[in-house]
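Asker: One structure coming up, written as structure tokens, with questions to follow.
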Amino acid sequence: MNLNLPVDFADLEWRPPAEADLDGWAALIARTAAVEKPVWFERRAELDKVMESAKNPPASSIVLGLDPSGVPRAYARTSKNREGRKA
């Protein structure tokens with residue numbers, strides 16, 4: 001299977017998001033949503049709130065994969081309610 005990916009994932013820089021990354025991260029989510037067509041997806045205003053979370057600090061719960069130009073191409077995020085058993 002040839003996916004013709006525009007990004008070499010080995011070239012991504014993986015790190016927690018910074019405030020300066022939020023517009024690019026929101027754009028990545030929007031591009032994904034345009035293809036997947038979910039009922040709801042996070043927009044820039046929600047990402048501001050995610051970055052302020054004390055329960056799920058971004059430095060330890062989010063990672064962005066940025067291409068050599070600094071454009072977010074991938075991300076992973078976990079969240080957990082302290083009282084819950086699952087993340």
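If you're wondering about the labels, chains in the structure tokens are A, B, ... by order shown, residues count from 1 in each chain, ligands from 1 in order shown.
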Which residues, written as an mmCIF file with all heavy atoms, in the first residue's frame, have at least one atom at most 6 Å from region 22-37 of chain A, with only C-alpha atoms counted and residues fewer than 6 positions away on the same chain left out?

Answerer:
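So the final result, stored in result.cif, reads:
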data_model
loop_
_atom_site.group_PDB
_atom_site.id
_atom_site.type_symbol
_atom_site.label_atom_id
_atom_site.label_comp_id
_atom_site.auth_asym_id
_atom_site.auth_seq_id
_atom_site.Cartn_x
_atom_site.Cartn_y
_atom_site.Cartn_z
ATOM 1 N N ARG A 43 -11.416 22.963 18.755
ATOM 2 C CA ARG A 43 -10.970 24.143 18.020
ATOM 3 C C ARG A 43 -9.983 24.908 18.894
ATOM 4 O O ARG A 43 -9.682 24.524 20.013
ATOM 5 C CB ARG A 43 -12.179 24.979 17.629
ATOM 6 C CG ARG A 43 -13.007 24.254 16.555
ATOM 7 C CD ARG A 43 -14.296 24.953 16.244
ATOM 8 N NE ARG A 43 -14.988 24.401 15.108
ATOM 9 C CZ ARG A 43 -15.687 23.266 15.105
ATOM 10 N NH1 ARG A 43 -15.753 22.519 16.182
ATOM 11 N NH2 ARG A 43 -16.304 22.854 14.011
ATOM 12 N N ARG A 44 -9.470 25.985 18.369
ATOM 13 C CA ARG A 44 -8.410 26.749 19.052
ATOM 14 C C ARG A 44 -8.804 27.133 20.477
ATOM 15 O O ARG A 44 -7.991 27.002 21.400
ATOM 16 C CB ARG A 44 -8.092 27.998 18.213
ATOM 17 C CG ARG A 44 -7.072 28.952 18.802
ATOM 18 C CD ARG A 44 -5.711 28.293 18.938
ATOM 19 N NE ARG A 44 -4.641 29.225 19.093
ATOM 20 C CZ ARG A 44 -4.306 29.844 20.219
ATOM 21 N NH1 ARG A 44 -5.002 29.647 21.315
ATOM 22 N NH2 ARG A 44 -3.277 30.655 20.265
ATOM 23 N N PRO A 72 2.810 21.290 12.873
ATOM 24 C CA PRO A 72 2.337 20.065 13.533
ATOM 25 C C PRO A 72 1.740 19.102 12.505
ATOM 26 O O PRO A 72 0.889 19.484 11.698
ATOM 27 C CB PRO A 72 1.266 20.560 14.505
ATOM 28 C CG PRO A 72 1.638 21.981 14.781
ATOM 29 C CD PRO A 72 2.172 22.482 13.461
#

Asker: Write down as a PDB file with N, CA, C and O atoms, in the first residue's frame the residues of region 4-87 of chain A whose backbone DSSP state falls under strand (DSSP E or B).

Answerer:
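As written to disk, selection33.pdb reads:
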ATOM      1  N   GLU A  13       9.927  16.202  14.957  1.00  0.00           N
ATOM      2  CA  GLU A  13      10.419  16.542  16.295  1.00  0.00           C
ATOM      3  C   GLU A  13       9.242  16.333  17.248  1.00  0.00           C
ATOM      4  O   GLU A  13       8.175  16.913  17.057  1.00  0.00           O
ATOM      5  N   TRP A  14       9.437  15.509  18.251  1.00  0.00           N
ATOM      6  CA  TRP A  14       8.368  15.194  19.206  1.00  0.00           C
ATOM      7  C   TRP A  14       8.612  15.945  20.500  1.00  0.00           C
ATOM      8  O   TRP A  14       9.681  15.834  21.101  1.00  0.00           O
ATOM      9  N   ARG A  15       7.600  16.732  20.918  1.00  0.00           N
ATOM     10  CA  ARG A  15       7.721  17.493  22.160  1.00  0.00           C
ATOM     11  C   ARG A  15       6.336  17.945  22.617  1.00  0.00           C
ATOM     12  O   ARG A  15       5.388  17.948  21.829  1.00  0.00           O
ATOM     13  N   ILE A  62       0.560  15.506  26.615  1.00  0.00           N
ATOM     14  CA  ILE A  62       0.408  15.797  25.183  1.00  0.00           C
ATOM     15  C   ILE A  62       1.781  15.788  24.523  1.00  0.00           C
ATOM     16  O   ILE A  62       2.755  16.278  25.086  1.00  0.00           O
ATOM     17  N   VAL A  63       1.829  15.260  23.310  1.00  0.00           N
ATOM     18  CA  VAL A  63       3.043  15.340  22.508  1.00  0.00           C
ATOM     19  C   VAL A  63       2.637  15.700  21.082  1.00  0.00           C
ATOM     20  O   VAL A  63       1.643  15.181  20.556  1.00  0.00           O
ATOM     21  N   LEU A  64       3.362  16.644  20.500  1.00  0.00           N
ATOM     22  CA  LEU A  64       3.160  17.030  19.103  1.00  0.00           C
ATOM     23  C   LEU A  64       4.338  16.513  18.290  1.00  0.00           C
ATOM     24  O   LEU A  64       5.476  16.514  18.760  1.00  0.00           O
ATOM     25  N   GLY A  65       4.047  16.126  17.066  1.00  0.00           N
ATOM     26  CA  GLY A  65       5.081  15.786  16.101  1.00  0.00           C
ATOM     27  C   GLY A  65       5.143  16.895  15.069  1.00  0.00           C
ATOM     28  O   GLY A  65       4.181  17.082  14.321  1.00  0.00           O
ATOM     29  N   LEU A  66       6.228  17.655  15.068  1.00  0.00           N
ATOM     30  CA  LEU A  66       6.372  18.796  14.153  1.00  0.00           C
ATOM     31  C   LEU A  66       7.375  18.469  13.050  1.00  0.00           C
ATOM     32  O   LEU A  66       8.423  17.869  13.316  1.00  0.00           O
ATOM     33  N   PRO A  72       2.810  21.290  12.873  1.00  0.00           N
ATOM     34  CA  PRO A  72       2.337  20.065  13.533  1.00  0.00           C
ATOM     35  C   PRO A  72       1.740  19.102  12.505  1.00  0.00           C
ATOM     36  O   PRO A  72       0.889  19.484  11.698  1.00  0.00           O
ATOM     37  N   ARG A  73       2.228  17.861  12.539  1.00  0.00           N
ATOM     38  CA  ARG A  73       1.764  16.819  11.615  1.00  0.00           C
ATOM     39  C   ARG A  73       1.118  15.647  12.349  1.00  0.00           C
ATOM     40  O   ARG A  73       0.441  14.829  11.735  1.00  0.00           O
ATOM     41  N   ALA A  74       1.340  15.557  13.655  1.00  0.00           N
ATOM     42  CA  ALA A  74       0.782  14.454  14.441  1.00  0.00           C
ATOM     43  C   ALA A  74       0.721  14.904  15.900  1.00  0.00           C
ATOM     44  O   ALA A  74       1.443  15.816  16.305  1.00  0.00           O
ATOM     45  N   TYR A  75      -0.161  14.255  16.652  1.00  0.00           N
ATOM     46  CA  TYR A  75      -0.206  14.527  18.091  1.00  0.00           C
ATOM     47  C   TYR A  75      -0.822  13.344  18.812  1.00  0.00           C
ATOM     48  O   TYR A  75      -1.523  12.521  18.224  1.00  0.00           O
ATOM     49  N   ALA A  76      -0.526  13.275  20.079  1.00  0.00           N
ATOM     50  CA  ALA A  76      -1.143  12.283  20.959  1.00  0.00           C
ATOM     51  C   ALA A  76      -1.448  12.983  22.272  1.00  0.00           C
ATOM     52  O   ALA A  76      -0.694  13.851  22.715  1.00  0.00           O
ATOM     53  N   ARG A  77      -2.576  12.612  22.836  1.00  0.00           N
ATOM     54  CA  ARG A  77      -2.986  13.238  24.096  1.00  0.00           C
ATOM     55  C   ARG A  77      -3.711  12.221  24.944  1.00  0.00           C
ATOM     56  O   ARG A  77      -4.531  11.459  24.452  1.00  0.00           O
TER      57      ARG A  77
END

Asker: Take CA of Asn56 (chain A) and CA of Arg82 (chain A) and report the distance between them in Å, one decimal.

Answerer: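 Straight-line distance from CA of Asn56 (chain A) to CA of Arg82 (chain A) works out to 9.4 Å.
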
Asker: Nearest residue to Ser60 (chain A) out of A:Ala10, A:Gly84, A:Pro16, A:Phe41, using only C-alpha atoms?

Answerer: A:Pro16

Asker: How would you write, as number ranges by chain, the set of residues in chain A that DSSP gives as helix (DSSP H, G or I)?

Answerer: A: 9-11, 19-36, 44-51, 58-61

Asker: Can I get the selected residues back with N, CA, C and O atoms, as a compact mmCIF listing (two decimals), in the first residue's frame?

Answerer:
# COMPACT_ATOMS: atom_id res chain seq x y z
N PHE A 9 7.88 10.56 8.85
CA PHE A 9 7.65 10.61 10.29
C PHE A 9 8.95 10.49 11.10
O PHE A 9 8.99 10.94 12.23
N ALA A 10 9.97 9.94 10.51
CA ALA A 10 11.26 9.87 11.21
C ALA A 10 11.86 11.26 11.38
O ALA A 10 12.68 11.47 12.27
N ASP A 11 11.43 12.20 10.57
CA ASP A 11 11.96 13.56 10.64
C ASP A 11 11.17 14.47 11.58
O ASP A 11 11.47 15.65 11.69
N GLU A 19 2.60 27.41 23.60
CA GLU A 19 1.56 28.38 23.21
C GLU A 19 1.67 28.73 21.72
O GLU A 19 0.66 28.85 21.03
N ALA A 20 2.88 28.86 21.22
CA ALA A 20 3.09 29.22 19.81
C ALA A 20 2.64 28.13 18.84
O ALA A 20 2.48 28.40 17.65
N ASP A 21 2.42 26.91 19.33
CA ASP A 21 2.01 25.79 18.48
C ASP A 21 0.50 25.67 18.32
O ASP A 21 0.03 24.87 17.51
N LEU A 22 -0.27 26.42 19.11
CA LEU A 22 -1.71 26.17 19.17
C LEU A 22 -2.45 26.42 17.86
O LEU A 22 -3.34 25.65 17.50
N ASP A 23 -2.09 27.44 17.11
CA ASP A 23 -2.76 27.66 15.82
C ASP A 23 -2.48 26.50 14.86
O ASP A 23 -3.39 26.01 14.19
N GLY A 24 -1.23 26.06 14.82
CA GLY A 24 -0.88 24.94 13.94
C GLY A 24 -1.52 23.64 14.38
O GLY A 24 -1.95 22.83 13.55
N TRP A 25 -1.61 23.42 15.70
CA TRP A 25 -2.25 22.22 16.23
C TRP A 25 -3.74 22.24 15.89
O TRP A 25 -4.29 21.24 15.44
N ALA A 26 -4.38 23.39 16.06
CA ALA A 26 -5.80 23.52 15.71
C ALA A 26 -6.00 23.28 14.21
O ALA A 26 -6.99 22.64 13.81
N ALA A 27 -5.09 23.75 13.39
CA ALA A 27 -5.18 23.52 11.94
C ALA A 27 -5.05 22.04 11.62
O ALA A 27 -5.77 21.52 10.75
N LEU A 28 -4.15 21.34 12.30
CA LEU A 28 -4.00 19.89 12.12
C LEU A 28 -5.31 19.18 12.47
O LEU A 28 -5.78 18.32 11.72
N ILE A 29 -5.90 19.53 13.59
CA ILE A 29 -7.16 18.91 14.00
C ILE A 29 -8.25 19.20 12.96
O ILE A 29 -9.03 18.32 12.60
N ALA A 30 -8.30 20.43 12.46
CA ALA A 30 -9.31 20.80 11.46
C ALA A 30 -9.11 20.02 10.16
O ALA A 30 -10.09 19.58 9.54
N ARG A 31 -7.85 19.83 9.74
CA ARG A 31 -7.58 19.05 8.52
C ARG A 31 -8.03 17.61 8.70
O ARG A 31 -8.62 17.01 7.80
N THR A 32 -7.76 17.06 9.86
CA THR A 32 -8.18 15.69 10.16
C THR A 32 -9.70 15.59 10.16
O THR A 32 -10.29 14.66 9.60
N ALA A 33 -10.36 16.55 10.80
CA ALA A 33 -11.82 16.55 10.88
C ALA A 33 -12.46 16.69 9.50
O ALA A 33 -13.52 16.12 9.25
N ALA A 34 -11.81 17.42 8.59
CA ALA A 34 -12.36 17.58 7.25
C ALA A 34 -12.45 16.23 6.53
O ALA A 34 -13.33 16.02 5.70
N VAL A 35 -11.55 15.33 6.87
CA VAL A 35 -11.54 14.00 6.25
C VAL A 35 -12.44 13.04 7.02
O VAL A 35 -13.25 12.32 6.44
N GLU A 36 -12.32 13.05 8.35
CA GLU A 36 -13.05 12.08 9.17
C GLU A 36 -14.50 12.49 9.43
O GLU A 36 -15.32 11.65 9.78
N ARG A 44 -9.47 25.99 18.37
CA ARG A 44 -8.41 26.75 19.05
C ARG A 44 -8.80 27.13 20.48
O ARG A 44 -7.99 27.00 21.40
N ALA A 45 -10.03 27.58 20.69
CA ALA A 45 -10.45 28.00 22.04
C ALA A 45 -10.41 26.84 23.03
O ALA A 45 -10.02 27.01 24.18
N GLU A 46 -10.76 25.63 22.57
CA GLU A 46 -10.68 24.46 23.45
C GLU A 46 -9.22 24.10 23.76
O GLU A 46 -8.91 23.66 24.86
N LEU A 47 -8.35 24.29 22.78
CA LEU A 47 -6.94 23.98 23.03
C LEU A 47 -6.34 24.93 24.06
O LEU A 47 -5.47 24.52 24.83
N ASP A 48 -6.81 26.17 24.11
CA ASP A 48 -6.37 27.08 25.16
C ASP A 48 -6.70 26.50 26.53
O ASP A 48 -5.87 26.52 27.45
N LYS A 49 -7.89 25.95 26.66
CA LYS A 49 -8.31 25.35 27.94
C LYS A 49 -7.51 24.10 28.24
O LYS A 49 -7.14 23.86 29.39
N VAL A 50 -7.23 23.31 27.23
CA VAL A 50 -6.41 22.10 27.41
C VAL A 50 -5.04 22.48 27.96
O VAL A 50 -4.52 21.83 28.86
N MET A 51 -4.48 23.56 27.45
CA MET A 51 -3.15 23.99 27.89
C MET A 51 -3.15 24.49 29.33
O MET A 51 -2.11 24.51 29.98
N PRO A 58 -0.20 19.65 30.22
CA PRO A 58 0.24 19.40 28.84
C PRO A 58 1.66 18.84 28.73
O PRO A 58 1.92 18.03 27.85
N ALA A 59 2.53 19.26 29.61
CA ALA A 59 3.93 18.81 29.52
C ALA A 59 4.05 17.30 29.68
O ALA A 59 5.00 16.70 29.17
N SER A 60 3.09 16.67 30.37
CA SER A 60 3.18 15.23 30.57
C SER A 60 2.03 14.45 29.94
O SER A 60 2.02 13.23 29.99
N SER A 61 1.08 15.15 29.29
CA SER A 61 -0.06 14.43 28.73
C SER A 61 -0.26 14.64 27.23
O SER A 61 -1.13 14.02 26.63

Asker: What's the separation between CA of Leu12 (chain A) and CA of Asp67 (chain A), in Å to one decimal place?

Answerer: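 Separation of CA of Leu12 (chain A) and CA of Asp67 (chain A): 4.8 Å.
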
Asker: Between CA of Glu52 (chain A) and CA of Arg85 (chain A), what distance in Å does the model show, to one decimal?

Answerer: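 According to the coordinates, CA of Glu52 (chain A) and CA of Arg85 (chain A) are separated by 22.6 Å.
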